[in-house]
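Shown below: run_23.txt, with compact mmCIF, C-alpha atoms.
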```
# COMPACT_ATOMS: atom_id res chain seq x y z
CA MET A 1 65.77 210.60 -96.17
CA ALA A 2 66.99 207.24 -94.94
CA THR A 3 70.42 206.24 -96.12
CA GLN A 4 70.76 202.80 -97.65
CA ARG A 5 73.36 200.74 -95.87
CA GLY A 6 76.41 200.01 -97.93
CA PRO A 7 77.87 196.60 -98.67
CA TYR A 8 80.64 197.01 -96.10
CA LEU A 9 78.46 196.93 -92.98
CA ASP A 10 78.35 193.47 -91.47
CA ASP A 11 74.75 192.42 -90.86
CA SER A 12 75.31 189.14 -89.02
CA LEU A 13 73.36 190.59 -86.10
CA GLY A 14 70.48 191.37 -88.43
CA LEU A 15 70.45 187.74 -89.55
CA MET A 16 70.36 186.52 -85.95
CA LEU A 17 67.59 188.96 -84.99
CA ASN A 18 65.39 188.58 -88.08
CA GLY A 19 65.93 184.99 -89.21
CA TYR A 20 63.80 184.20 -92.24
CA ALA A 21 62.81 187.86 -92.59
CA TRP A 22 66.44 189.03 -92.85
CA LEU A 23 66.89 188.92 -96.62
CA PRO A 24 63.30 189.99 -97.43
CA ALA A 25 63.88 193.03 -95.19
CA LEU A 26 67.09 193.87 -97.07
CA TRP A 27 65.21 193.55 -100.36
CA ARG A 28 62.57 196.02 -99.17
CA ARG A 29 65.28 198.50 -98.22
CA GLY A 30 67.64 197.97 -101.13
CA GLY A 31 65.43 196.76 -103.98
CA GLY A 32 67.00 196.17 -107.36
CA ARG A 33 68.10 192.90 -108.89
CA ALA A 34 70.46 191.98 -106.06
CA VAL A 35 71.07 192.92 -102.44
CA ARG A 36 74.58 193.44 -101.09
CA THR A 37 75.63 193.03 -97.49
CA ARG A 38 78.30 191.44 -95.34
CA VAL A 39 77.73 188.40 -93.16
CA MET A 40 80.23 186.69 -90.85
CA GLY A 41 82.74 189.28 -92.02
CA GLN A 42 82.44 188.32 -95.68
CA PRO A 43 80.98 190.28 -98.60
CA ALA A 44 77.75 188.72 -99.80
CA VAL A 45 75.22 189.29 -102.55
CA ALA A 46 71.68 187.90 -102.36
CA LEU A 47 69.67 186.88 -105.42
CA ARG A 48 66.14 185.63 -106.04
CA GLY A 49 63.91 184.63 -108.94
CA PRO A 50 63.98 181.86 -111.58
CA ASP A 51 66.89 183.41 -113.47
CA ALA A 52 68.79 183.71 -110.20
CA VAL A 53 68.21 180.00 -109.54
CA ARG A 54 69.65 179.14 -112.96
CA PHE A 55 72.64 181.38 -112.26
CA PHE A 56 73.19 180.03 -108.75
CA TYR A 57 73.15 176.36 -109.74
CA ASP A 58 75.58 176.81 -112.63
CA GLU A 59 78.92 175.44 -111.42
CA ARG A 60 80.75 177.83 -113.72
CA HIS A 61 79.53 180.57 -111.40
CA VAL A 62 79.52 179.30 -107.81
CA ARG A 63 80.76 176.36 -105.78
CA ARG A 64 79.65 174.98 -102.42
CA HIS A 65 83.13 173.98 -101.27
CA SER A 66 84.33 176.37 -98.53
CA ALA A 67 80.99 178.24 -98.54
CA ILE A 68 79.27 176.10 -95.89
CA PRO A 69 80.15 177.40 -92.40
CA GLU A 70 81.74 174.83 -90.13
CA PRO A 71 78.93 175.06 -87.55
CA VAL A 72 76.51 173.92 -90.28
CA GLU A 73 78.82 171.24 -91.65
CA GLY A 74 79.60 169.98 -88.15
CA THR A 75 75.93 169.55 -87.22
CA LEU A 76 73.52 169.36 -90.14
CA PHE A 77 75.55 167.78 -92.96
CA GLY A 78 78.66 166.19 -91.47
CA HIS A 79 82.27 166.71 -92.54
CA GLY A 80 82.99 165.50 -96.06
CA ALA A 81 79.30 165.13 -96.92
CA VAL A 82 77.94 165.27 -100.46
CA HIS A 83 76.71 168.82 -99.77
CA THR A 84 80.33 170.04 -99.58
CA LEU A 85 81.39 168.60 -102.97
CA ASP A 86 81.36 170.10 -106.45
CA GLY A 87 81.79 168.94 -110.02
CA ALA A 88 82.36 165.29 -110.92
CA ASP A 89 82.91 164.25 -107.28
CA HIS A 90 79.55 165.71 -106.34
CA ARG A 91 77.72 164.07 -109.25
CA HIS A 92 79.26 160.69 -108.47
CA ARG A 93 78.27 160.80 -104.78
CA LYS A 94 74.89 162.32 -105.61
CA ALA A 95 74.11 159.33 -107.85
CA LEU A 96 74.13 157.14 -104.73
CA PHE A 97 71.41 159.26 -103.14
CA ARG A 98 69.35 159.51 -106.30
CA SER A 99 69.38 155.73 -106.77
CA LEU A 100 67.81 155.37 -103.32
CA LEU A 101 65.54 158.40 -103.07
CA THR A 102 64.06 159.06 -106.52
CA ASP A 103 62.88 155.61 -107.65
CA PRO A 104 59.05 155.67 -107.26
CA ARG A 105 59.05 152.07 -106.07
CA ARG A 106 61.56 152.83 -103.31
CA VAL A 107 59.69 156.00 -102.34
CA GLY A 108 56.47 154.00 -102.09
CA GLU A 109 58.15 151.39 -99.90
CA LEU A 110 59.42 154.13 -97.56
CA VAL A 111 55.92 155.60 -97.26
CA ASP A 112 54.57 152.11 -96.50
CA HIS A 113 57.08 151.66 -93.67
CA VAL A 114 56.17 155.06 -92.19
CA ALA A 115 52.46 154.28 -92.60
CA ALA A 116 52.88 151.06 -90.61
CA ALA A 117 54.64 152.98 -87.82
CA TRP A 118 51.90 155.65 -87.88
CA ASP A 119 49.14 153.02 -87.66
CA GLU A 120 50.88 151.45 -84.67
CA ALA A 121 51.22 154.81 -82.94
CA ILE A 122 47.56 155.65 -83.51
CA ALA A 123 46.42 152.21 -82.36
CA THR A 124 48.20 152.64 -79.03
CA ALA A 125 47.00 156.20 -78.41
CA GLY A 126 44.34 156.30 -75.72
CA ASP A 127 41.15 158.33 -76.13
CA GLY A 128 41.74 161.92 -75.11
CA ARG A 129 45.47 161.53 -74.47
CA GLN A 130 47.39 164.61 -75.51
CA VAL A 131 50.08 164.00 -78.11
CA VAL A 132 52.80 166.41 -79.21
CA LEU A 133 52.49 165.81 -82.94
CA PHE A 134 55.99 166.99 -83.89
CA ASP A 135 57.60 164.61 -81.39
CA GLU A 136 55.31 161.71 -82.35
CA ALA A 137 55.94 162.28 -86.06
CA SER A 138 59.70 162.27 -85.49
CA ARG A 139 59.48 158.88 -83.77
CA VAL A 140 57.14 157.46 -86.41
CA ILE A 141 59.37 158.61 -89.27
CA THR A 142 62.54 157.44 -87.49
CA LYS A 143 61.07 153.97 -87.06
CA GLY A 144 59.85 153.87 -90.65
CA VAL A 145 62.97 155.19 -92.36
CA CYS A 146 65.33 152.97 -90.35
CA ALA A 147 63.26 149.91 -91.25
CA TRP A 148 63.30 150.99 -94.91
CA ALA A 149 67.05 151.73 -94.84
CA GLY A 150 67.86 148.34 -93.28
CA VAL A 151 69.22 149.92 -90.10
CA PRO A 152 68.38 147.70 -87.09
CA LEU A 153 66.46 149.60 -84.43
CA ASP A 154 64.69 148.00 -81.50
CA ARG A 155 61.70 149.60 -79.79
CA ALA A 156 63.72 151.09 -76.93
CA GLU A 157 66.08 152.84 -79.36
CA VAL A 158 63.42 154.65 -81.41
CA ALA A 159 62.89 157.62 -79.08
CA PRO A 160 66.57 158.44 -78.37
CA VAL A 161 67.52 158.06 -82.05
CA ALA A 162 64.62 160.31 -83.05
CA ARG A 163 65.69 162.93 -80.50
CA ASP A 164 69.23 162.94 -81.89
CA LEU A 165 68.07 163.17 -85.51
CA VAL A 166 65.82 166.09 -84.62
CA ALA A 167 68.69 167.75 -82.73
CA LEU A 168 70.90 167.63 -85.85
CA VAL A 169 68.37 169.76 -87.73
CA ASP A 170 67.34 171.92 -84.80
CA GLY A 171 70.82 173.07 -83.85
CA PHE A 172 72.57 174.00 -87.08
CA ALA A 173 71.63 177.71 -87.12
CA THR A 174 72.44 178.70 -83.55
CA LEU A 175 75.54 178.81 -81.37
CA GLY A 176 73.61 178.17 -78.15
CA PRO A 177 72.57 174.99 -76.34
CA ARG A 178 70.69 173.65 -79.38
CA HIS A 179 73.93 173.74 -81.36
CA TRP A 180 75.92 171.81 -78.76
CA ARG A 181 73.15 169.22 -78.47
CA ALA A 182 73.42 168.79 -82.23
CA ARG A 183 77.19 168.28 -82.09
CA ARG A 184 76.87 165.65 -79.38
CA ALA A 185 74.07 163.94 -81.30
CA ARG A 186 76.14 163.86 -84.48
CA GLY A 187 79.05 162.22 -82.68
CA ARG A 188 76.79 159.54 -81.19
CA ARG A 189 75.00 158.74 -84.43
CA GLU A 190 78.10 158.75 -86.62
CA ARG A 191 79.81 156.31 -84.23
CA TRP A 192 76.69 154.13 -84.17
CA LEU A 193 76.39 153.93 -87.96
CA ALA A 194 80.15 153.61 -88.57
CA ALA A 195 80.22 150.56 -86.28
CA LEU A 196 77.24 149.10 -88.12
CA ILE A 197 78.92 149.64 -91.50
CA ASP A 198 82.12 147.97 -90.23
CA GLN A 199 80.02 144.99 -89.13
CA VAL A 200 78.35 144.76 -92.53
CA ARG A 201 81.68 144.87 -94.32
CA ALA A 202 83.10 142.22 -91.98
CA GLY A 203 80.10 139.96 -92.54
CA ALA A 204 79.05 140.11 -88.88
CA VAL A 205 75.75 141.79 -89.82
CA SER A 206 73.77 140.94 -92.92
CA ALA A 207 72.47 143.99 -94.77
CA THR A 208 69.15 143.70 -96.57
CA PRO A 209 69.85 143.47 -100.32
CA GLY A 210 69.10 146.76 -102.02
CA SER A 211 68.79 148.66 -98.74
CA ALA A 212 70.36 152.04 -98.08
CA LEU A 213 72.67 150.40 -95.54
CA GLU A 214 73.98 147.96 -98.15
CA ALA A 215 74.26 150.64 -100.85
CA VAL A 216 76.28 153.00 -98.65
CA ALA A 217 78.48 150.23 -97.24
CA ARG A 218 79.32 148.99 -100.76
CA HIS A 219 79.61 152.40 -102.45
CA ARG A 220 82.88 153.11 -104.23
CA GLN A 221 84.60 156.46 -104.65
CA PRO A 222 85.52 157.66 -108.18
CA GLY A 223 88.92 155.98 -107.82
CA GLY A 224 87.33 152.66 -106.94
CA GLN A 225 88.07 152.67 -103.21
CA PRO A 226 85.24 152.36 -100.64
CA MET A 227 84.37 155.28 -98.43
CA ASP A 228 85.94 154.90 -95.01
CA ALA A 229 83.41 153.88 -92.37
CA ASP A 230 83.24 157.36 -90.82
CA LEU A 231 82.39 159.02 -94.13
CA ALA A 232 79.96 156.25 -95.02
CA ALA A 233 78.23 156.89 -91.68
CA VAL A 234 77.96 160.59 -92.55
CA GLU A 235 76.22 159.77 -95.82
CA LEU A 236 73.93 157.12 -94.35
CA LEU A 237 72.95 159.71 -91.76
CA ASN A 238 72.30 162.12 -94.65
CA ILE A 239 69.66 159.70 -95.93
CA ILE A 240 67.97 159.13 -92.57
CA ARG A 241 68.27 162.60 -91.00
CA PRO A 242 66.55 164.62 -93.79
CA THR A 243 63.69 162.12 -93.86
CA VAL A 244 63.08 162.69 -90.16
CA ALA A 245 63.21 166.45 -90.86
CA VAL A 246 59.85 166.00 -92.60
CA SER A 247 58.52 166.18 -89.01
CA TRP A 248 58.74 169.96 -89.32
CA PHE A 249 56.45 169.87 -92.34
CA VAL A 250 54.07 167.50 -90.52
CA ALA A 251 53.66 170.08 -87.75
CA PHE A 252 53.09 172.75 -90.39
CA THR A 253 50.52 170.49 -92.10
CA ALA A 254 48.55 170.19 -88.87
CA HIS A 255 48.87 173.96 -88.41
CA ALA A 256 47.44 174.52 -91.91
CA LEU A 257 44.54 172.09 -91.36
CA HIS A 258 43.76 173.84 -88.08
CA ARG A 259 43.93 177.30 -89.57
CA TRP A 260 42.02 176.42 -92.75
CA PRO A 261 39.72 173.50 -91.76
CA GLY A 262 37.94 173.62 -95.12
CA GLN A 263 40.99 171.91 -96.60
CA ARG A 264 40.06 168.65 -94.86
CA ASP A 265 37.24 167.59 -97.17
CA ARG A 266 39.24 166.82 -100.33
CA LEU A 267 42.05 165.29 -98.32
CA ARG A 268 39.64 163.14 -96.35
CA ALA A 269 38.08 161.93 -99.59
CA GLY A 270 41.39 160.48 -100.75
CA ASP A 271 42.06 162.91 -103.61
CA THR A 272 45.75 162.07 -104.07
CA GLY A 273 46.34 164.82 -106.62
CA TYR A 274 45.05 167.38 -104.18
CA ALA A 275 47.12 165.85 -101.37
CA VAL A 276 50.27 166.37 -103.46
CA ALA A 277 49.22 169.95 -104.26
CA PHE A 278 48.58 170.52 -100.55
CA ALA A 279 52.07 169.19 -99.76
CA HIS A 280 53.65 171.60 -102.25
CA GLU A 281 51.74 174.54 -100.79
CA VAL A 282 52.83 173.63 -97.24
CA ARG A 283 56.42 173.61 -98.48
CA ARG A 284 55.98 176.96 -100.20
CA PHE A 285 54.00 178.74 -97.52
CA TYR A 286 55.74 177.75 -94.29
CA PRO A 287 59.32 178.72 -93.28
CA PHE A 288 61.80 175.88 -93.64
CA ALA A 289 65.16 176.90 -95.20
CA PRO A 290 65.81 180.67 -95.20
CA PHE A 291 68.51 180.67 -97.90
CA VAL A 292 71.39 178.67 -99.30
CA GLY A 293 74.89 179.94 -99.96
CA ALA A 294 77.81 179.31 -102.28
CA ARG A 295 80.98 181.12 -103.28
CA ALA A 296 81.73 182.90 -106.55
CA VAL A 297 84.51 181.04 -108.34
CA THR A 298 85.51 184.04 -110.47
CA ASP A 299 84.48 187.63 -111.09
CA LEU A 300 80.86 187.45 -112.20
CA THR A 301 78.16 189.69 -113.57
CA TRP A 302 74.53 189.11 -112.67
CA GLN A 303 72.07 191.27 -114.64
CA GLY A 304 74.55 194.12 -114.65
CA GLN A 305 75.60 193.61 -111.01
CA HIS A 306 79.28 192.87 -110.37
CA ILE A 307 80.01 189.92 -108.03
CA PRO A 308 83.71 189.71 -107.09
CA ALA A 309 85.44 186.34 -107.00
CA GLY A 310 85.28 184.77 -103.56
CA SER A 311 82.10 186.56 -102.52
CA LEU A 312 79.30 184.69 -100.85
CA VAL A 313 76.29 184.29 -103.13
CA LEU A 314 73.02 183.73 -101.29
CA LEU A 315 69.84 182.42 -102.87
CA ASP A 316 66.87 183.82 -100.96
CA ILE A 317 64.66 180.73 -100.58
CA TYR A 318 62.08 182.11 -98.16
CA GLY A 319 61.84 185.39 -100.07
CA GLN A 320 61.41 183.66 -103.43
CA ASN A 321 58.73 181.33 -102.10
CA HIS A 322 56.80 184.43 -100.97
CA ASP A 323 57.51 186.65 -103.98
CA ALA A 324 54.27 188.20 -105.28
CA ARG A 325 55.69 188.21 -108.82
CA LEU A 326 55.69 184.41 -108.74
CA TRP A 327 52.86 183.72 -106.29
CA PRO A 328 49.84 186.07 -106.38
CA GLU A 329 48.78 186.81 -102.81
CA PRO A 330 51.79 184.91 -101.49
CA TYR A 331 50.58 184.93 -97.87
CA ARG A 332 47.33 183.21 -98.81
CA PHE A 333 47.46 179.43 -98.32
CA ASP A 334 46.16 177.97 -101.59
CA PRO A 335 46.93 174.40 -102.71
CA GLY A 336 45.08 175.23 -105.92
CA ARG A 337 48.31 176.80 -107.16
CA PHE A 338 49.60 173.28 -107.77
CA VAL A 339 46.47 171.39 -108.78
CA GLY A 340 46.98 169.85 -112.20
CA ARG A 341 50.51 171.12 -112.66
CA ALA A 342 53.97 170.18 -111.51
CA PRO A 343 55.91 172.96 -109.78
CA ASP A 344 58.52 174.74 -111.86
CA PRO A 345 61.89 173.70 -110.32
CA TYR A 346 63.19 177.23 -110.80
CA GLU A 347 60.20 178.84 -109.04
CA LEU A 348 59.32 176.60 -106.08
CA ILE A 349 62.57 176.07 -104.17
CA PRO A 350 61.91 175.06 -100.54
CA GLN A 351 64.62 172.38 -100.82
CA GLY A 352 66.80 174.13 -103.35
CA GLY A 353 66.27 174.65 -107.06
CA ALA A 354 67.20 173.45 -110.54
CA ASP A 355 67.86 169.82 -111.53
CA PRO A 356 68.60 167.41 -108.65
CA ALA A 357 70.46 165.10 -111.05
CA THR A 358 73.26 167.59 -111.64
CA GLY A 359 72.97 170.30 -108.99
CA HIS A 360 72.60 170.61 -105.24
CA ARG A 361 68.80 170.42 -105.16
CA CYS A 362 67.76 167.94 -102.47
CA PRO A 363 67.45 164.41 -103.94
CA GLY A 364 64.97 163.55 -101.19
CA GLU A 365 62.33 165.98 -102.42
CA ASP A 366 60.17 163.17 -103.84
CA VAL A 367 60.29 161.46 -100.44
CA THR A 368 59.30 164.70 -98.69
CA VAL A 369 56.32 165.29 -100.97
CA ALA A 370 55.14 161.68 -100.78
CA LEU A 371 55.36 161.55 -96.99
CA LEU A 372 53.77 164.95 -96.57
CA ALA A 373 50.87 164.10 -98.89
CA ALA A 374 50.34 160.88 -96.91
CA PHE A 375 50.44 162.67 -93.54
CA ALA A 376 47.97 165.28 -94.82
CA GLY A 377 45.47 162.53 -95.60
CA TRP A 378 46.12 160.70 -92.33
CA LEU A 379 45.61 163.85 -90.27
CA ALA A 380 42.52 164.90 -92.24
CA ARG A 381 40.87 161.55 -91.47
CA LEU A 382 41.99 161.35 -87.86
CA ASP A 383 39.54 162.24 -85.10
CA TYR A 384 41.27 164.72 -82.80
CA THR A 385 40.74 168.00 -81.02
CA VAL A 386 43.23 170.82 -80.57
CA PRO A 387 43.56 172.04 -76.98
CA GLU A 388 44.47 175.61 -76.13
CA GLN A 389 48.17 176.14 -76.89
CA ASP A 390 50.69 178.56 -78.37
CA LEU A 391 50.71 177.99 -82.13
CA THR A 392 52.95 180.99 -82.80
CA ILE A 393 55.62 180.41 -85.44
CA SER A 394 58.56 182.76 -84.90
CA LEU A 395 60.45 183.80 -88.00
CA ARG A 396 63.44 184.54 -85.79
CA ARG A 397 63.91 180.87 -84.94
CA ILE A 398 65.74 178.77 -87.55
CA PRO A 399 64.41 176.19 -88.19
CA ALA A 400 60.94 177.56 -87.42
CA LEU A 401 58.34 175.48 -85.64
CA PRO A 402 55.03 176.12 -83.84
CA ARG A 403 56.01 176.92 -80.27
CA SER A 404 53.80 174.17 -78.88
CA ARG A 405 55.05 171.69 -81.54
CA PHE A 406 51.33 171.19 -82.18
CA VAL A 407 49.51 169.35 -79.42
CA LEU A 408 46.43 167.30 -80.24
CA SER A 409 44.11 165.08 -78.26
CA ALA A 410 43.64 161.91 -80.26
CA ALA A 411 40.61 159.64 -80.32
CA ARG A 412 41.88 156.15 -81.00
CA GLY A 413 41.93 155.70 -84.77
CA ARG A 414 38.33 156.81 -85.41
CA GLU A 415 37.47 158.59 -88.63
CA LEU A 416 37.00 162.33 -88.36
CA ARG A 417 33.39 163.16 -87.59
CA ASP A 418 31.58 166.17 -89.00
CA ARG A 419 32.17 168.73 -86.29
CA PRO A 420 33.35 172.34 -86.15
CA ASP A 421 37.08 172.74 -85.71
CA GLN A 422 38.47 175.01 -83.05
CA VAL A 423 40.13 177.81 -84.97
CA PRO A 424 42.14 180.53 -83.22
CA ALA A 425 40.20 183.76 -83.07
CA ARG A 426 42.98 185.88 -84.49
CA PHE A 427 45.57 185.35 -87.16
CA ALA A 428 47.98 187.93 -88.52
CA SER A 429 47.00 189.18 -91.97
CA GLY A 430 49.31 190.22 -94.75
CA PRO A 431 53.05 189.52 -95.00
CA PRO A 432 54.41 188.41 -91.60
CA GLY A 433 57.89 188.91 -90.31
CA ARG A 434 58.81 192.45 -91.31
CA GLY A 435 60.98 192.60 -88.24
CA GLY A 436 61.35 188.89 -87.71
CA GLU A 437 58.23 188.87 -85.50
CA ALA A 438 56.10 185.80 -84.97
CA TRP A 439 52.94 184.94 -86.83
CA ARG A 440 50.15 182.42 -86.34
```

In structure tokens, write the structure found in this file.
Amino acid sequence: MATQRGPYLDDSLGLMLNGYAWLPALWRRGGGRAVRTRVMGQPAVALRGPDAVRFFYDERHVRRHSAIPEPVEGTLFGHGAVHTLDGADHRHRKALFRSLLTDPRRVGELVDHVAAAWDEAIATAGDGRQVVLFDEASRVITKGVCAWAGVPLDRAEVAPVARDLVALVDGFATLGPRHWRARRARGRRERWLAALIDQVRAGAVSATPGSALEAVARHRQPGGQPMDADLAAVELLNIIRPTVAVSWFVAFTAHALHRWPGQRDRLRAGDTGYAVAFAHEVRRFYPFAPFVGARAVTDLTWQGQHIPAGSLVLLDIYGQNHDARLWPEPYRFDPGRFVGRAPDPYELIPQGGADPATGHRCPGEDVTVALLAAFAGWLARLDYTVPEQDLTISLRRIPALPRSRFVLSAARGRELRDRPDQVPARFASGPPGRGGEAWR
């Protein structure tokens, strides 16, 4: 009989080897209401399920401060970012983001800016030219979000800024070359935005009224003092960078349309409700964030399980989004799950759970869904073919991405004709990633 590993064995290697499949694999071995392990030398307990989300986002139980590893803070979020705060300080800073990212009018304006950049990119694409969709989407979104945010960006700057914003996301979960590219990119972009904020405050640059640049430059801390320019740059970057991270979901959207071409018809017809449902299912189905972590502020009890003060508490995002108790046939792609109903914020948690007004759920979720629904329609109506390529998505790689970044051959702006799509002959069936292996 196999012996279950105890909580004192460090499984950091298992995390590195298995990626998104790490916690689901521990659940299969350990079962029960919680899974105990050690990671980075620290005791940890992993939770999943709607009740676990409620428990995790209760500040009486866990706090983010000191739980985010420095390699993540130093690349993805930035030092001193809103993600590292708790309590009243967090709610005050979070209000800045919510004022910019949850107003439907502002969200619509952002989508319009990205749409204009997309139209320009499609108009300049020659017939038959191969395009790496992930890279193109990152440039399109960078151009659109910077215009929306009031951040000046000339044509020559779009590509290098997009590369740096992608690097910030791509390098947070590794200690190799991707990580060091992310650190260098963060330094460049923080210096760039800090200088811009200083210029706005000095009156040398005029910020568009109501823009993200103006809002961040004028934001006051709870004591009434402005954020210093370096911290303000961190937070302005935390508005722009996550928007560009939607590029990952755009590549996954193309992957889904290629794998299930029957999805095109309702999207092509302009069914906006279905486009939103499709966006939610892309976020549920594909690997984006594996888990989030916090630290127990006191001795806790979770459904009879003791959690000592100071322990890491991990919320299993990927596992919950593929939990058969919540999602029948979880490895079947089915936008119908969300047709006619809004997702339960304690069930669907690709960008965190609970209430974004008070907790750490991503305030840019509305932006993500709106952009993703728009891209789904744009891609469904676009005339393109998919050349032979490696569309494998490795669950070991965090963040995951099709290996080819999804290459397409675009026909300049024409509507999609009725033609058979080229669909790979073989796809893995059933739950992928039992050992962190790739799937298609």

Rounded to one decimal in Å, what is the spacing between CA of Val339 (chain A) and CA of Phe278 (chain A)? 8.5 Å

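Note that CA of Leu85 (chain A) and CA of Pro104 (chain A) are 26.2 Å apart.
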
Got a sec to check which residues sit within 10 Å of (73.3, 165.5, -82.4), counting only C-alpha atoms, and write them as a ChimeraX atom specification? /A:74-76,161,163-172,178-190

For Ile349 (chain A): contacts at 8 Å, only C-alpha atoms, fewer than 4 positions along chain excluded, given as a ChimeraX atom specification: /A:284,317,320-321,345,353

What would the list of residues within 10 Å of (75.1, 145.7, -93.1) (file frame) look like as a list in words, if all atoms listed in the file are what count?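 Output: Gly150, Val151, Pro152, Leu193, Ala195, Leu196, Ile197, Asp198, Gln199, Val200, Arg201, Ala202, Gly203, Ala204, Val205, Ser206, Ala207, Thr208, Pro209, Ser211, Ala212, Leu213, Glu214, Ala215, Val216, Ala217 and Arg218 of chain A.
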
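Comparing A:Ala370, A:Arg63, A:Asp58, A:Gly30 by their smallest distance to Val297 (chain A), the closest is A:Arg63 (using only C-alpha atoms).
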
Hey, which bits of region 108-207 of chain A sit within 12 Å of region 388-396 of chain A, and for each residue what's the closest pair of atoms and how far apart in Å (one decimal), counting only C-alpha atoms, rows by chain and increasing number, as a tab-separated table?
```
residue	atom	partner	partner_atom	distance
A:Gln130	CA	A:Glu388	CA	11.4
A:Val132	CA	A:Gln389	CA	11.0
A:Ala173	CA	A:Arg396	CA	10.7
A:Thr174	CA	A:Arg396	CA	11.0
```

Just give me the gap between CA of His83 (chain A) and CA of Thr37 (chain A) in Å, one decimal is fine.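 Result for CA of His83 (chain A) versus CA of Thr37 (chain A): 24.3 Å, one decimal.
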
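Minimum distance to Tyr318 (chain A) across A:Ala275, A:Leu96, A:Ala137, A:Leu348 (counting all atoms listed in the file) occurs at A:Leu348.
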
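Nearest residue to Trp148 (chain A), choosing from A:Ala380, A:Val111, A:Leu237, A:Leu175 and counting only C-alpha atoms: A:Val111.
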
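With distances restricted to only C-alpha atoms, A:Arg106 is the closest residue to Gly210 (chain A) from A:Asp10, A:Ala52, A:Arg106, A:Val407.
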
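Minimum distance to Pro287 (chain A) across A:His219, A:His79, A:Arg48, A:His322 (counting all atoms listed in the file) occurs at A:His322.
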
At a cut-off of 12 Å, using only C-alpha atoms, what residues contact region 113-118 of chain A? Leave out same-chain residues fewer than 6 positions from it and give the result as a ChimeraX atom specification. /A:106-107,124-125,133,136-150,155,158,243-244,246-247,367,370-375,377-379,382,413

Got a sec: who's within 6 Å of Ala44 (chain A), counting all atoms listed in the file, leaving out chain neighbours fewer than 2 positions off, as a PDB file with C-alpha atoms, in the frame of the given file?
```pdb
ATOM      1  CA  ARG A  36      74.580 193.440-101.090  1.00  0.00           C
ATOM      2  CA  THR A  37      75.630 193.030 -97.490  1.00  0.00           C
ATOM      3  CA  ARG A  38      78.300 191.440 -95.340  1.00  0.00           C
ATOM      4  CA  SER A 311      82.100 186.560-102.520  1.00  0.00           C
ATOM      5  CA  LEU A 312      79.300 184.690-100.850  1.00  0.00           C
ATOM      6  CA  VAL A 313      76.290 184.290-103.130  1.00  0.00           C
TER       7      VAL A 313
END
```

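Between Gly336 (chain A) and the residues A:Ala279, A:Ile239, A:Leu13, A:Ala324, the shortest atom-to-atom distance, using only C-alpha atoms, involves A:Ala279.
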